[in-house]
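S.K.: Take this structure, written in structure tokens, and hold onto it; I'll ask about it next.
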Amino acid sequence: MAVFSVENKTLRRVLKSLESGSRPKGGVSGISEGVPSIGAEHLNADGGFCFDRIKYIPKEYASRLRRGRIQPGDVLIVKDGATTGKVSYVDQQYPFAESYVNEHVFICRPSQEVRGKYLFYFLRSNSGNSQIMVTFHGAAQGGISSAFVDEVYVPMLTLEDQSEIVDYLDDTIHHVRLIRSRLEKIPTILKKFRQSVLSAACSGSLIESFNSYNCDKWAEVRRLLNDAKDQIDGFPDHWMLTNLGNLCDGFQYGTSKKSETSGLVPVLRMGNLQNGEVDWSDLKYSSDESDIKKYALSDGDVLFNRTNSPDLVGKTSIYRGQSKAIFAGYLIKIKNRHDILHSEYLNYCLNSNYGRQWCKEVRTDGVGQSNINASVLASFLIPLPPIEEQIEITIRVQQLLKIADSLESKYQKAMARIDKIEQSILAKAFSGKHV
């Protein structure tokens, strides 16, 4: 543990200058080249920069400016708007030889008694940032004035001690962010895992060793589905490929009546269908007795989203009877015959890559929306195993998805801890001691 002697000085006393910038009258819209003009949107929350949408000021205009030119070692602070107080540091990797801040950003230029990176780290800490925000005034789009430099007290050390703290923070925070970058890959990995589970469920590979089914009953199903395809490539020999319509007693469109913010029962809409399950947030309601009777949902009903954006049309969820509910007109209730088609298995098939690819191929595209109607849905070729296998597949899928859910929960907790660790490190560094 290193212990430092600390003297607090106002930010004004340790700055060489405090500057802001400007843009030409009328703004910079339509100017495609010139000198980069850096605004609040270019400062990242992690203290770096994003240069995806750079705006420019004319070179002639820039040549007349006497303030606001960015230099290596500068600390930039957003002065107004939703991200007031956000801080970034201009290091040697900053890409522009000449650039200026606009009127929404302050440049804090350190004097010779303070390292720019040291000042940046302090102003990013909760202690430093909270002092910056003391002068915040106005509503959500308010801001800070230049007076903030008299309200911020910087713990001052020798230049050598400042360098030691900067080295410590550079190294430690680098490792924290490396861990974060690895953790951020987990949602993508889990998404691929879940899809691979669904694909395995609908191809038979999840249940290759399971052969416990009623052969006589399955033979009868085969006779009833006389147009089904047998011996299909990529599936177990005894599976069939048949139209969904052959396995259903029909398809029902939901209510077309406008729902309300309150009422007797929730009306499930396309936004309530998420990842194969019903999301019970952002609900609308109905008190129409005839609709409540006509469109009532039962445990195990599968809902298909017939109209949505091209990427989302066809998303499917299963209603598990959690609460009494009906469904809206952009949804179709699939009335599958439960003796030959298990609802859970149907839900997995429609949400698998196989099902999503089918939706992409059969949808009709309009202006901003796509559609798959009930007659098209009835033509969906579903790989069909005996009902006993469907139930066993459901059990195995649920076990695997439960593991994925557990990992996702641990990921979220880990990310929450990572978010706190960086500020904890900064607080330790500027408390007069660090480990």
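The way I read the labels, and the way they are meant: chains A, B, ... in the order of the structure tokens, residue 1 as the first residue of every chain, and ligand 1 as the first ligand shown, with later ones counted on from there.
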Counting only C-alpha atoms, which residues of stretch 233-281 of chain A sit at most 10 Å from some atom of stretch 324-337 of chain A, and what is each one's closest atom pair with its distance in Å to one decimal, listed by chain and rising residue number, as JSON lines?

M.R.:
```
{"residue": "A:Leu244", "atom": "CA", "partner": "A:Asn336", "partner_atom": "CA", "distance": 8.3}
{"residue": "A:Gly245", "atom": "CA", "partner": "A:Asn336", "partner_atom": "CA", "distance": 8.4}
{"residue": "A:Asn246", "atom": "CA", "partner": "A:Asn336", "partner_atom": "CA", "distance": 9.0}
{"residue": "A:Leu247", "atom": "CA", "partner": "A:Arg337", "partner_atom": "CA", "distance": 5.8}
{"residue": "A:Cys248", "atom": "CA", "partner": "A:Asn336", "partner_atom": "CA", "distance": 4.0}
{"residue": "A:Asp249", "atom": "CA", "partner": "A:Lys335", "partner_atom": "CA", "distance": 5.4}
{"residue": "A:Gly250", "atom": "CA", "partner": "A:Lys335", "partner_atom": "CA", "distance": 5.4}
{"residue": "A:Phe251", "atom": "CA", "partner": "A:Ile334", "partner_atom": "CA", "distance": 4.9}
{"residue": "A:Gln252", "atom": "CA", "partner": "A:Lys333", "partner_atom": "CA", "distance": 5.1}
{"residue": "A:Tyr253", "atom": "CA", "partner": "A:Ile332", "partner_atom": "CA", "distance": 4.7}
{"residue": "A:Gly254", "atom": "CA", "partner": "A:Gly329", "partner_atom": "CA", "distance": 3.9}
{"residue": "A:Thr255", "atom": "CA", "partner": "A:Gly329", "partner_atom": "CA", "distance": 4.8}
{"residue": "A:Ser256", "atom": "CA", "partner": "A:Gly329", "partner_atom": "CA", "distance": 5.0}
{"residue": "A:Lys257", "atom": "CA", "partner": "A:Ala328", "partner_atom": "CA", "distance": 8.0}
{"residue": "A:Lys258", "atom": "CA", "partner": "A:Ala328", "partner_atom": "CA", "distance": 8.8}
{"residue": "A:Ser259", "atom": "CA", "partner": "A:Ala328", "partner_atom": "CA", "distance": 8.5}
{"residue": "A:Leu264", "atom": "CA", "partner": "A:Ala325", "partner_atom": "CA", "distance": 9.1}
{"residue": "A:Val265", "atom": "CA", "partner": "A:Ala325", "partner_atom": "CA", "distance": 5.4}
{"residue": "A:Pro266", "atom": "CA", "partner": "A:Ala325", "partner_atom": "CA", "distance": 5.0}
{"residue": "A:Val267", "atom": "CA", "partner": "A:Phe327", "partner_atom": "CA", "distance": 5.0}
{"residue": "A:Leu268", "atom": "CA", "partner": "A:Phe327", "partner_atom": "CA", "distance": 4.6}
{"residue": "A:Arg269", "atom": "CA", "partner": "A:Ala328", "partner_atom": "CA", "distance": 5.3}
{"residue": "A:Met270", "atom": "CA", "partner": "A:Tyr330", "partner_atom": "CA", "distance": 6.7}
{"residue": "A:Asn272", "atom": "CA", "partner": "A:Phe327", "partner_atom": "CA", "distance": 9.9}
{"residue": "A:Leu273", "atom": "CA", "partner": "A:Leu331", "partner_atom": "CA", "distance": 9.5}
```

S.K.: Based on the backbone DSSP call, show me all residues of stretch 205-334 of chain A assigned helix (DSSP H, G or I), as a PyMOL selection string.

M.R.: chain A and resi 205-207+215-224+244-247+270-272+289-294

S.K.: For stretch 7-23 of chain A, list every protein, DNA or RNA residue within 9 Å, evaluated using only C-alpha atoms, and leave out those in the same chain fewer than 2 positions away; present the list as a ChimeraX atom specification.

M.R.: /A:5,25-28,37,56-57,61-62,65,67-69,100-114,146,148-157

S.K.: Using only C-alpha atoms, find each residue in stretch 300-392 of chain A having at least one atom no more than 12 Å away from stretch 279-282 of chain A; report its shortest atom-to-atom pair and that distance in Å (one decimal), rows by chain then rising number, as a tab-separated table.

M.R.:
```
residue	atom	partner	partner_atom	distance
A:Thr316	CA	A:Asp279	CA	11.9
A:Ser317	CA	A:Asp279	CA	9.3
A:Ile318	CA	A:Asp279	CA	10.4
A:Tyr319	CA	A:Asp279	CA	9.8
A:Arg320	CA	A:Asp279	CA	11.3
A:Gly321	CA	A:Trp280	CA	11.7
A:Gln322	CA	A:Trp280	CA	9.3
A:Ser323	CA	A:Trp280	CA	9.3
A:Lys324	CA	A:Trp280	CA	11.5
A:Ala325	CA	A:Trp280	CA	10.4
```

S.K.: For stretch 45-50 of chain A, find every residue with an atom within 7 Å (counting only C-alpha atoms), except residues of its own chain fewer than 3 positions away, and show them as a PyMOL selection string.

M.R.: chain A and resi 42+86-89

S.K.: Next, write the just-selected residues to a file, as a PDB file, in the first residue's frame, keeping C-alpha atoms as the atom set.

M.R.:
```
ATOM      1  CA  HIS A  42     -18.443  12.196 -29.616  1.00  0.00           C
ATOM      2  CA  LYS A  86     -19.331  13.267 -19.110  1.00  0.00           C
ATOM      3  CA  VAL A  87     -15.518  13.378 -19.304  1.00  0.00           C
ATOM      4  CA  SER A  88     -13.009  12.250 -21.967  1.00  0.00           C
ATOM      5  CA  TYR A  89      -9.229  12.456 -22.216  1.00  0.00           C
TER       6      TYR A  89
END
```

S.K.: Can you tell me which residues surround A:Glu361 at a distance of at most 12 Å, considering only C-alpha atoms, apart from same-chain residues fewer than 3 positions away, and format the answer as an MDAnalysis selection string?

M.R.: chainID A and resid 310:311 313:314 354:358 364:365 370:372 376:377 380

S.K.: Which residue is closest to A:Phe210? Choose from A:Ala404, A:Val78, A:Ile391, A:Val6 and count only C-alpha atoms.

M.R.: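 Nearest to A:Phe210: A:Ile391.
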
S.K.: Check the smallest atom-to-atom distance from each of A:Leu224, A:Ile340, A:Leu297, A:Val75 to A:Phe122 using only C-alpha atoms, then report the winner.

M.R.: A:Val75

S.K.: Separation of atom CA of A:Asp74 and atom CA of A:Tyr118, in Å?

M.R.: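 According to the coordinates, atom CA of A:Asp74 and atom CA of A:Tyr118 are separated by 11.1 Å.
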
S.K.: Can you pull out the residues contacting A:Glu98? Cut-off 9 Å, using only C-alpha atoms, and skip same-chain residues under 3 positions away; I want them as a PyMOL selection string.

M.R.: chain A and resi 35-36+69-71

S.K.: Which residue is closest to A:Lys315? Choose from A:Gly73, A:Gly116, A:Pro383, A:Gly276 and count only C-alpha atoms.

M.R.: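 Selected residue with least distance to A:Lys315: A:Gly276.
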
S.K.: When distances are computed from only C-alpha atoms, which of A:Lys185, A:Lys410, A:Lys117, A:Arg363 shows the smallest separation from A:Asp91?

M.R.: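 The answer is A:Lys117, which sits nearest to A:Asp91.
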
S.K.: Give me, as a list of chain:residue names, the residues of stretch 132-259 of chain A that a backbone DSSP run labels strand (DSSP E).

M.R.: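 Output for stretch 132-259 of chain A, strand (DSSP E) only: A:Tyr153, A:Val154, A:Pro155, A:Met156, A:Lys229, A:Asp230, A:Met240, A:Leu241, A:Thr242, A:Asn243, A:Cys248, A:Asp249, A:Gly250, A:Phe251, A:Gln252, A:Tyr253.
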
S.K.: Have a look at atom CA of A:Ile232 and atom CA of A:Leu350 and let me know their distance in Å, one decimal.

M.R.: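 Atom CA of A:Ile232 sits 18.7 Å away from atom CA of A:Leu350.
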
S.K.: State, in Å with one decimal place, the distance from atom CA of A:Val221 to atom CA of A:Val197.

M.R.: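 The value is 26.6 Å.
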
S.K.: Name the residues in contact with A:His174 at a cut-off of 12 Å, using only C-alpha atoms, excluding same-chain residues fewer than 6 positions from it; report them as a list of chain:residue names.

M.R.: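 Selected residues are A:Asp46, A:Val166, A:Asp167, A:Tyr168, A:Arg180, A:Ser181, A:Glu422, A:Ile425.
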